[in-house]
Amino acid sequence: MTTQLEVETVNCPICGTADSQVWLEDGKLTRYVRCRSCGTVYASPRASRAARYAWLNATFSLGQNAVENAAGRQPALAAEATFVQRYLKGGRLLDVGCDLGDFFRWFSDTTWERFGAEIVPSAAEYAAREYRAQVFTGTVREANYPTAYFDLVTMIDMLYYIDDPRADFQEVARILKPRGLIMIEVAGQAYQLRRSRGLLCWLLERRWTRLQTDSSYLYWFNPSGLIALLADHGFLVEAIDVIGSPLTRSSWRNTAASLYCVLMTRASRRSLRALTWAPKYCLLARRTAD
Ligand SMILES: [Zn+2]
C-alpha cells in the first residue's frame with residue numbers, strides 16, 4: 001500500500017519570491033527549483049513538516065553507525081573550532097542542530113558554557129550526557145532562549161534541513177549578544193550539485209544522480225545568497241574558512257582533496273563567490289545591529 005505524500009509549496013528562503021524555474025524533477029510530487037533572482041536551489045513542493053519529521057524519527061537511530069559517522073567529522077570540527085576561537089576565547093556557546101554534540105569536544109567547559117538544540121531526542125540526550133551540555137530537544141525557536149544571551153551561535157552542516165531559514169536567523173539575531181558571533185558551515189552549492197549529478201557522480205559512484213527531491217535536503221545555498229541572508233538580519237561576515245572533504249581510504253583522493261582545498265582557499269580570498277566550489281565552507285559573521 002502506498003500513501004500519498006503530503007506536500008507544501010514554499011518561496012525562495014533568501015528572496016521570499018516564487019520566481020523560479022524547475023531544476024530537478026524525478027517523477028515525484030516534490031521537485032527542486034532554482035530561484036531566478038539569487039540562484040538558491042530549493043525543494044518546492046516539498047514534503048510537509050509532519051511528513052519530514054515522521055521520516056526523520058523513523059530513520060535516525062543512535063547506533064554504532066551514527067557514532068562512527070560523527071567521528072569521521074572530527075578533523076573538520078576541530079579545524080572549525082580552531083578557526084572560531086581565533087575570534088572568541090570563551091563565553092556562552094549554542095550549537096544549533098548539535099547532533100551528537102561532537103563540536104562541544106573542542107570547547108573546554110572551563111571557558112565555555114555549552115548549549116545545544118537538537119530535534120532528534122536520542123541525539124540530544126547523548127550530546128547532553130557525553131559532553132555535560134545543556135541540550136534542548138527541539139528547534140532553536142521552540143527553545144525560546146533569553147534575549148541577548150549567547151556569545152556564539154553555530155549552525156554546522158544543518159541549514160539544508162530547517163523549515164524556515166529566515167525565521168531561524170531572526171531568532172539567532174535575537175538571542176545573540178550585541179557584537180556576538182554566528183558561524184555557519186554549509187556545502188558549496190556548485191561543488192555539491194556537480195558532485196551529485198552528471199558525469200562526476202557517475203565516475204565516482206557509477207550512478208548519474210544521488211539527489212532525490214523528496215530527501216531531507218530542502219536547500220542548496222550559494223555564498224552570495226547566504227551573505228545577503230546574514231546581512232538582512234544584521235550580520236556582517238568577518239572571516240571565512242574552506243573545509244575539505246572527509247578523508248577516505250584512498251591516498252590519491254586525499255592528496256587531490258587537500259590540494260583542491262588549498263586552491264579554493266586562495267580563490268575565495270579573491271572573491272567570496274568562489275566558495276560555491278568548496279566542498280564545505282564556514283562563514284563567521286558578527287551581529288552589528290541592535
Ligand atoms: Zn532567491
# chains A, B, ... in the order shown; residues from 1 in each chain; ligands from 1
call {"tool": "closest_atom_pairs", "arguments": {"of": "chain A", "to": "ligand 1", "cutoff": "8 Å", "atoms": "only C-alpha atoms and all ligand atoms", "output": "CSV"}}
result
residue,atom,partner,partner_atom_place_in_ligand_line,distance
A:Cys12,CA,ligand 1,1 (Zn),4.7
A:Pro13,CA,ligand 1,1 (Zn),6.5
A:Ile14,CA,ligand 1,1 (Zn),4.8
A:Cys15,CA,ligand 1,1 (Zn),4.1
A:Gly16,CA,ligand 1,1 (Zn),6.6
A:Thr17,CA,ligand 1,1 (Zn),6.5
A:Asp19,CA,ligand 1,1 (Zn),7.9
A:Arg34,CA,ligand 1,1 (Zn),7.9
A:Cys35,CA,ligand 1,1 (Zn),4.6
A:Arg36,CA,ligand 1,1 (Zn),6.6
A:Ser37,CA,ligand 1,1 (Zn),5.1
A:Cys38,CA,ligand 1,1 (Zn),4.1
A:Gly39,CA,ligand 1,1 (Zn),6.0
A:Thr40,CA,ligand 1,1 (Zn),5.6
A:Gly225,CA,ligand 1,1 (Zn),7.2
call {"tool": "write_last_selection", "arguments": {"atoms": "N, CA and C atoms", "output": "mmCIF file, in the first residue's frame"}}
result
data_model
loop_
_atom_site.group_PDB
_atom_site.id
_atom_site.type_symbol
_atom_site.label_atom_id
_atom_site.label_comp_id
_atom_site.auth_asym_id
_atom_site.auth_seq_id
_atom_site.Cartn_x
_atom_site.Cartn_y
_atom_site.Cartn_z
ATOM 1 N N CYS A 12 11.377 31.197 -2.238
ATOM 2 C CA CYS A 12 12.824 31.210 -2.033
ATOM 3 C C CYS A 12 13.150 31.633 -0.595
ATOM 4 N N PRO A 13 14.000 30.886 0.105
ATOM 5 C CA PRO A 13 14.303 31.208 1.506
ATOM 6 C C PRO A 13 15.111 32.493 1.659
ATOM 7 N N ILE A 14 15.726 32.969 0.569
ATOM 8 C CA ILE A 14 16.527 34.185 0.638
ATOM 9 C C ILE A 14 15.680 35.398 0.228
ATOM 10 N N CYS A 15 15.071 35.342 -0.967
ATOM 11 C CA CYS A 15 14.354 36.493 -1.525
ATOM 12 C C CYS A 15 12.890 36.530 -1.095
ATOM 13 N N GLY A 16 12.344 35.389 -0.757
ATOM 14 C CA GLY A 16 10.924 35.329 -0.422
ATOM 15 C C GLY A 16 10.022 35.351 -1.652
ATOM 16 N N THR A 17 10.587 35.279 -2.861
ATOM 17 C CA THR A 17 9.759 35.309 -4.061
ATOM 18 C C THR A 17 9.519 33.880 -4.559
ATOM 19 N N ASP A 19 9.544 33.374 -7.879
ATOM 20 C CA ASP A 19 10.038 33.422 -9.257
ATOM 21 C C ASP A 19 11.191 32.429 -9.432
ATOM 22 N N ARG A 34 15.136 26.436 -8.949
ATOM 23 C CA ARG A 34 16.212 27.405 -8.728
ATOM 24 C C ARG A 34 15.615 28.808 -8.788
ATOM 25 N N CYS A 35 15.900 29.613 -7.757
ATOM 26 C CA CYS A 35 15.410 30.994 -7.713
ATOM 27 C C CYS A 35 16.057 31.786 -8.848
ATOM 28 N N ARG A 36 15.239 32.484 -9.652
ATOM 29 C CA ARG A 36 15.788 33.246 -10.775
ATOM 30 C C ARG A 36 16.578 34.455 -10.309
ATOM 31 N N SER A 37 16.296 34.899 -9.103
ATOM 32 C CA SER A 37 16.953 36.107 -8.621
ATOM 33 C C SER A 37 18.291 35.810 -7.932
ATOM 34 N N CYS A 38 18.301 34.890 -6.952
ATOM 35 C CA CYS A 38 19.530 34.697 -6.159
ATOM 36 C C CYS A 38 20.250 33.385 -6.448
ATOM 37 N N GLY A 39 19.610 32.508 -7.208
ATOM 38 C CA GLY A 39 20.288 31.256 -7.583
ATOM 39 C C GLY A 39 20.205 30.144 -6.549
ATOM 40 N N THR A 40 19.481 30.372 -5.451
ATOM 41 C CA THR A 40 19.314 29.293 -4.460
ATOM 42 C C THR A 40 18.486 28.159 -5.080
ATOM 43 N N GLY A 225 23.907 34.432 -1.671
ATOM 44 C CA GLY A 225 22.597 34.364 -1.043
ATOM 45 C C GLY A 225 22.717 34.311 0.474
#
call {"tool": "select_by_dssp", "arguments": {"residues": "range 147-198 of chain A", "states": "helix (DSSP H, G or I)", "output": "PyMOL selection string"}}
result
chain A and resi 165-175+189-196
call {"tool": "residues_around", "arguments": {"residues": "Val10 in chain A", "least_positions_apart": "3", "cutoff": "8 Å", "atoms": "only C-alpha atoms", "output": "ChimeraX atom specification"}}
result
/A:18,43-46
call {"tool": "residues_around", "arguments": {"residues": "Arg92 in chain A", "least_positions_apart": "4", "cutoff": "9 Å", "atoms": "only C-alpha atoms", "output": "ChimeraX atom specification"}}
result
/A:111-115,149-153
call {"tool": "write_last_selection", "arguments": {"atoms": "N, CA and C atoms", "output": "PDB file, in the first residue's frame"}}
result
ATOM      1  N   THR A 111      36.115  27.332  30.061  1.00  0.00           N
ATOM      2  CA  THR A 111      35.983  28.672  29.470  1.00  0.00           C
ATOM      3  C   THR A 111      34.689  28.862  28.694  1.00  0.00           C
ATOM      4  N   TRP A 112      34.007  27.747  28.413  1.00  0.00           N
ATOM      5  CA  TRP A 112      32.773  27.831  27.628  1.00  0.00           C
ATOM      6  C   TRP A 112      31.607  27.209  28.394  1.00  0.00           C
ATOM      7  N   GLU A 113      30.454  27.871  28.291  1.00  0.00           N
ATOM      8  CA  GLU A 113      29.203  27.276  28.774  1.00  0.00           C
ATOM      9  C   GLU A 113      28.531  26.712  27.525  1.00  0.00           C
ATOM     10  N   ARG A 114      28.253  25.399  27.503  1.00  0.00           N
ATOM     11  CA  ARG A 114      27.874  24.744  26.256  1.00  0.00           C
ATOM     12  C   ARG A 114      26.385  24.409  26.206  1.00  0.00           C
ATOM     13  N   PHE A 115      25.726  24.951  25.163  1.00  0.00           N
ATOM     14  CA  PHE A 115      24.302  24.706  24.947  1.00  0.00           C
ATOM     15  C   PHE A 115      24.091  24.112  23.562  1.00  0.00           C
ATOM     16  N   TYR A 149      21.596  36.498  24.904  1.00  0.00           N
ATOM     17  CA  TYR A 149      22.066  35.518  25.887  1.00  0.00           C
ATOM     18  C   TYR A 149      23.397  34.876  25.488  1.00  0.00           C
ATOM     19  N   PHE A 150      23.600  34.656  24.194  1.00  0.00           N
ATOM     20  CA  PHE A 150      24.780  33.898  23.746  1.00  0.00           C
ATOM     21  C   PHE A 150      25.867  34.797  23.163  1.00  0.00           C
ATOM     22  N   ASP A 151      27.127  34.314  23.311  1.00  0.00           N
ATOM     23  CA  ASP A 151      28.261  34.996  22.681  1.00  0.00           C
ATOM     24  C   ASP A 151      28.513  34.440  21.280  1.00  0.00           C
ATOM     25  N   LEU A 152      28.192  33.165  21.118  1.00  0.00           N
ATOM     26  CA  LEU A 152      28.478  32.486  19.850  1.00  0.00           C
ATOM     27  C   LEU A 152      27.363  31.487  19.549  1.00  0.00           C
ATOM     28  N   VAL A 153      26.835  31.570  18.326  1.00  0.00           N
ATOM     29  CA  VAL A 153      25.863  30.568  17.869  1.00  0.00           C
ATOM     30  C   VAL A 153      26.443  29.900  16.632  1.00  0.00           C
TER      31      VAL A 153
END
call {"tool": "residues_around", "arguments": {"residues": "Ala70 in chain A", "least_positions_apart": "4", "cutoff": "9 Å", "atoms": "only C-alpha atoms", "output": "PyMOL selection string"}}
result
chain A and resi 65-66+74+99-100+102
call {"tool": "select_by_dssp", "arguments": {"residues": "range 92-275 of chain A", "states": "strand (DSSP E or B)", "output": "number ranges by chain"}}
result
A: 92-96, 112-118, 134-137, 150-156, 176-187, 197, 209, 219-220, 235-243
call {"tool": "closest_residue", "arguments": {"among": "A:Arg194, A:Arg132, A:Arg166, A:Arg86", "to": "Ala228 in chain A", "atoms": "only C-alpha atoms"}}
result
A:Arg166
call {"tool": "residues_around", "arguments": {"residues": "Ala117 in chain A", "least_positions_apart": "5", "cutoff": "8 Å", "atoms": "only C-alpha atoms", "output": "PDB file with N, CA and C atoms, in the first residue's frame"}}
result
ATOM      1  N   LEU A  94      26.051  28.303  21.744  1.00  0.00           N
ATOM      2  CA  LEU A  94      24.890  27.484  21.376  1.00  0.00           C
ATOM      3  C   LEU A  94      25.169  26.844  20.024  1.00  0.00           C
ATOM      4  N   ASP A  95      25.140  25.515  19.971  1.00  0.00           N
ATOM      5  CA  ASP A  95      25.283  24.816  18.700  1.00  0.00           C
ATOM      6  C   ASP A  95      23.893  24.352  18.264  1.00  0.00           C
ATOM      7  N   VAL A  96      23.375  25.000  17.220  1.00  0.00           N
ATOM      8  CA  VAL A  96      22.030  24.678  16.729  1.00  0.00           C
ATOM      9  C   VAL A  96      22.122  23.447  15.823  1.00  0.00           C
ATOM     10  N   GLY A  97      21.305  22.451  16.105  1.00  0.00           N
ATOM     11  CA  GLY A  97      21.412  21.184  15.360  1.00  0.00           C
ATOM     12  C   GLY A  97      22.680  20.473  15.774  1.00  0.00           C
ATOM     13  N   CYS A  98      22.855  20.309  17.092  1.00  0.00           N
ATOM     14  CA  CYS A  98      24.156  19.865  17.623  1.00  0.00           C
ATOM     15  C   CYS A  98      24.412  18.380  17.405  1.00  0.00           C
ATOM     16  N   ALA A 124      19.960  14.302  21.146  1.00  0.00           N
ATOM     17  CA  ALA A 124      20.012  15.365  22.154  1.00  0.00           C
ATOM     18  C   ALA A 124      20.430  14.801  23.517  1.00  0.00           C
ATOM     19  N   VAL A 135      21.264  20.653  26.562  1.00  0.00           N
ATOM     20  CA  VAL A 135      20.731  20.444  25.217  1.00  0.00           C
ATOM     21  C   VAL A 135      19.205  20.444  25.242  1.00  0.00           C
ATOM     22  N   PHE A 136      18.631  21.330  24.449  1.00  0.00           N
ATOM     23  CA  PHE A 136      17.171  21.403  24.321  1.00  0.00           C
ATOM     24  C   PHE A 136      16.741  20.479  23.187  1.00  0.00           C
ATOM     25  N   THR A 137      15.716  19.678  23.410  1.00  0.00           N
ATOM     26  CA  THR A 137      15.199  18.811  22.343  1.00  0.00           C
ATOM     27  C   THR A 137      14.123  19.569  21.575  1.00  0.00           C
ATOM     28  N   GLY A 138      14.476  19.991  20.364  1.00  0.00           N
ATOM     29  CA  GLY A 138      13.546  20.770  19.538  1.00  0.00           C
ATOM     30  C   GLY A 138      14.324  21.767  18.707  1.00  0.00           C
ATOM     31  N   THR A 139      13.599  22.698  18.109  1.00  0.00           N
ATOM     32  CA  THR A 139      14.261  23.686  17.253  1.00  0.00           C
ATOM     33  C   THR A 139      14.726  24.873  18.097  1.00  0.00           C
ATOM     34  N   VAL A 140      15.569  25.702  17.507  1.00  0.00           N
ATOM     35  CA  VAL A 140      16.078  26.867  18.238  1.00  0.00           C
ATOM     36  C   VAL A 140      14.940  27.822  18.586  1.00  0.00           C
ATOM     37  N   ALA A 143      13.007  26.576  21.596  1.00  0.00           N
ATOM     38  CA  ALA A 143      13.755  26.646  22.858  1.00  0.00           C
ATOM     39  C   ALA A 143      13.464  27.943  23.618  1.00  0.00           C
TER      40      ALA A 143
END
call {"tool": "closest_atom_pairs", "arguments": {"of": "range 17-135 of chain A", "to": "range 267-283 of chain A", "cutoff": "12 Å", "atoms": "only C-alpha atoms", "output": "CSV"}}
result
residue,atom,partner,partner_atom,distance
A:Gly39,CA,A:Thr276,CA,11.3
A:Thr40,CA,A:Thr276,CA,11.3
A:Arg73,CA,A:Lys280,CA,11.9
A:Ala76,CA,A:Lys280,CA,9.5
A:Leu77,CA,A:Cys282,CA,10.9
A:Ala79,CA,A:Cys282,CA,10.5
A:Glu80,CA,A:Cys282,CA,7.7
A:Ala81,CA,A:Cys282,CA,10.8
A:Phe83,CA,A:Cys282,CA,9.2
A:Val84,CA,A:Cys282,CA,9.5
call {"tool": "write_last_selection", "arguments": {"atoms": "all heavy atoms", "output": "mmCIF file, in the first residue's frame"}}
result
data_model
loop_
_atom_site.group_PDB
_atom_site.id
_atom_site.type_symbol
_atom_site.label_atom_id
_atom_site.label_comp_id
_atom_site.auth_asym_id
_atom_site.auth_seq_id
_atom_site.Cartn_x
_atom_site.Cartn_y
_atom_site.Cartn_z
ATOM 1 N N GLY A 39 19.610 32.508 -7.208
ATOM 2 C CA GLY A 39 20.288 31.256 -7.583
ATOM 3 C C GLY A 39 20.205 30.144 -6.549
ATOM 4 O O GLY A 39 20.783 29.076 -6.742
ATOM 5 N N THR A 40 19.481 30.372 -5.451
ATOM 6 C CA THR A 40 19.314 29.293 -4.460
ATOM 7 C C THR A 40 18.486 28.159 -5.080
ATOM 8 O O THR A 40 17.483 28.414 -5.745
ATOM 9 C CB THR A 40 18.570 29.824 -3.218
ATOM 10 O OG1 THR A 40 19.302 30.925 -2.700
ATOM 11 C CG2 THR A 40 18.435 28.754 -2.145
ATOM 12 N N ARG A 73 33.732 13.133 11.226
ATOM 13 C CA ARG A 73 33.679 14.594 11.055
ATOM 14 C C ARG A 73 34.632 15.324 12.004
ATOM 15 O O ARG A 73 34.781 16.541 11.930
ATOM 16 C CB ARG A 73 32.239 15.078 11.326
ATOM 17 C CG ARG A 73 31.263 14.749 10.239
ATOM 18 C CD ARG A 73 31.230 15.833 9.164
ATOM 19 N NE ARG A 73 30.757 17.112 9.699
ATOM 20 C CZ ARG A 73 31.074 18.303 9.195
ATOM 21 N NH1 ARG A 73 31.886 18.386 8.182
ATOM 22 N NH2 ARG A 73 30.604 19.412 9.727
ATOM 23 N N ALA A 76 37.285 17.945 10.694
ATOM 24 C CA ALA A 76 36.665 19.189 10.216
ATOM 25 C C ALA A 76 36.168 20.026 11.394
ATOM 26 O O ALA A 76 36.365 21.246 11.437
ATOM 27 C CB ALA A 76 35.506 18.867 9.271
ATOM 28 N N LEU A 77 35.566 19.371 12.378
ATOM 29 C CA LEU A 77 35.045 20.103 13.541
ATOM 30 C C LEU A 77 36.178 20.742 14.340
ATOM 31 O O LEU A 77 36.055 21.880 14.826
ATOM 32 C CB LEU A 77 34.225 19.169 14.443
ATOM 33 C CG LEU A 77 32.936 18.619 13.832
ATOM 34 C CD1 LEU A 77 32.232 17.703 14.825
ATOM 35 C CD2 LEU A 77 32.000 19.745 13.415
ATOM 36 N N ALA A 79 39.048 21.741 13.133
ATOM 37 C CA ALA A 79 39.536 22.892 12.353
ATOM 38 C C ALA A 79 38.588 24.082 12.517
ATOM 39 O O ALA A 79 39.017 25.228 12.671
ATOM 40 C CB ALA A 79 39.644 22.502 10.878
ATOM 41 N N GLU A 80 37.289 23.796 12.545
ATOM 42 C CA GLU A 80 36.314 24.884 12.677
ATOM 43 C C GLU A 80 36.358 25.509 14.068
ATOM 44 O O GLU A 80 36.195 26.715 14.222
ATOM 45 C CB GLU A 80 34.913 24.354 12.361
ATOM 46 C CG GLU A 80 34.767 24.088 10.877
ATOM 47 C CD GLU A 80 33.512 23.317 10.510
ATOM 48 O OE1 GLU A 80 32.544 23.330 11.287
ATOM 49 O OE2 GLU A 80 33.524 22.687 9.437
ATOM 50 N N ALA A 81 36.581 24.673 15.075
ATOM 51 C CA ALA A 81 36.682 25.204 16.440
ATOM 52 C C ALA A 81 37.921 26.098 16.570
ATOM 53 O O ALA A 81 37.858 27.171 17.177
ATOM 54 C CB ALA A 81 36.743 24.048 17.439
ATOM 55 N N PHE A 83 39.326 27.717 14.165
ATOM 56 C CA PHE A 83 39.005 28.914 13.373
ATOM 57 C C PHE A 83 38.196 29.921 14.202
ATOM 58 O O PHE A 83 38.568 31.084 14.337
ATOM 59 C CB PHE A 83 38.237 28.455 12.123
ATOM 60 C CG PHE A 83 37.541 29.534 11.360
ATOM 61 C CD1 PHE A 83 38.267 30.526 10.697
ATOM 62 C CD2 PHE A 83 36.151 29.557 11.273
ATOM 63 C CE1 PHE A 83 37.610 31.515 9.975
ATOM 64 C CE2 PHE A 83 35.496 30.544 10.555
ATOM 65 C CZ PHE A 83 36.226 31.521 9.908
ATOM 66 N N VAL A 84 37.126 29.452 14.825
ATOM 67 C CA VAL A 84 36.245 30.388 15.535
ATOM 68 C C VAL A 84 36.906 30.918 16.814
ATOM 69 O O VAL A 84 36.709 32.073 17.213
ATOM 70 C CB VAL A 84 34.860 29.755 15.812
ATOM 71 C CG1 VAL A 84 34.890 28.732 16.907
ATOM 72 C CG2 VAL A 84 33.832 30.812 16.124
#
call {"tool": "residues_around", "arguments": {"residues": "Tyr217 in chain A", "least_positions_apart": "4", "cutoff": "10 Å", "atoms": "only C-alpha atoms", "output": "list in words"}}
result
Tyr32, Tyr42, Ala43, Arg46, Met158, Leu159, Tyr160, Tyr161, Ile162, Leu211, Gln212 and Thr213 of chain A
call {"tool": "closest_residue", "arguments": {"among": "A:Leu56, A:Ala173, A:Cys261, A:Leu284", "to": "Ser122 in chain A", "atoms": "only C-alpha atoms"}}
result
A:Leu56
call {"tool": "atom_distance", "arguments": {"atom1": "CA of Phe235 in chain A", "atom2": "CA of Tyr131 in chain A"}}
result
29.2 Å
call {"tool": "atom_distance", "arguments": {"atom1": "CA of Asn11 in chain A", "atom2": "CA of Asp157 in chain A"}}
result
21.7 Å
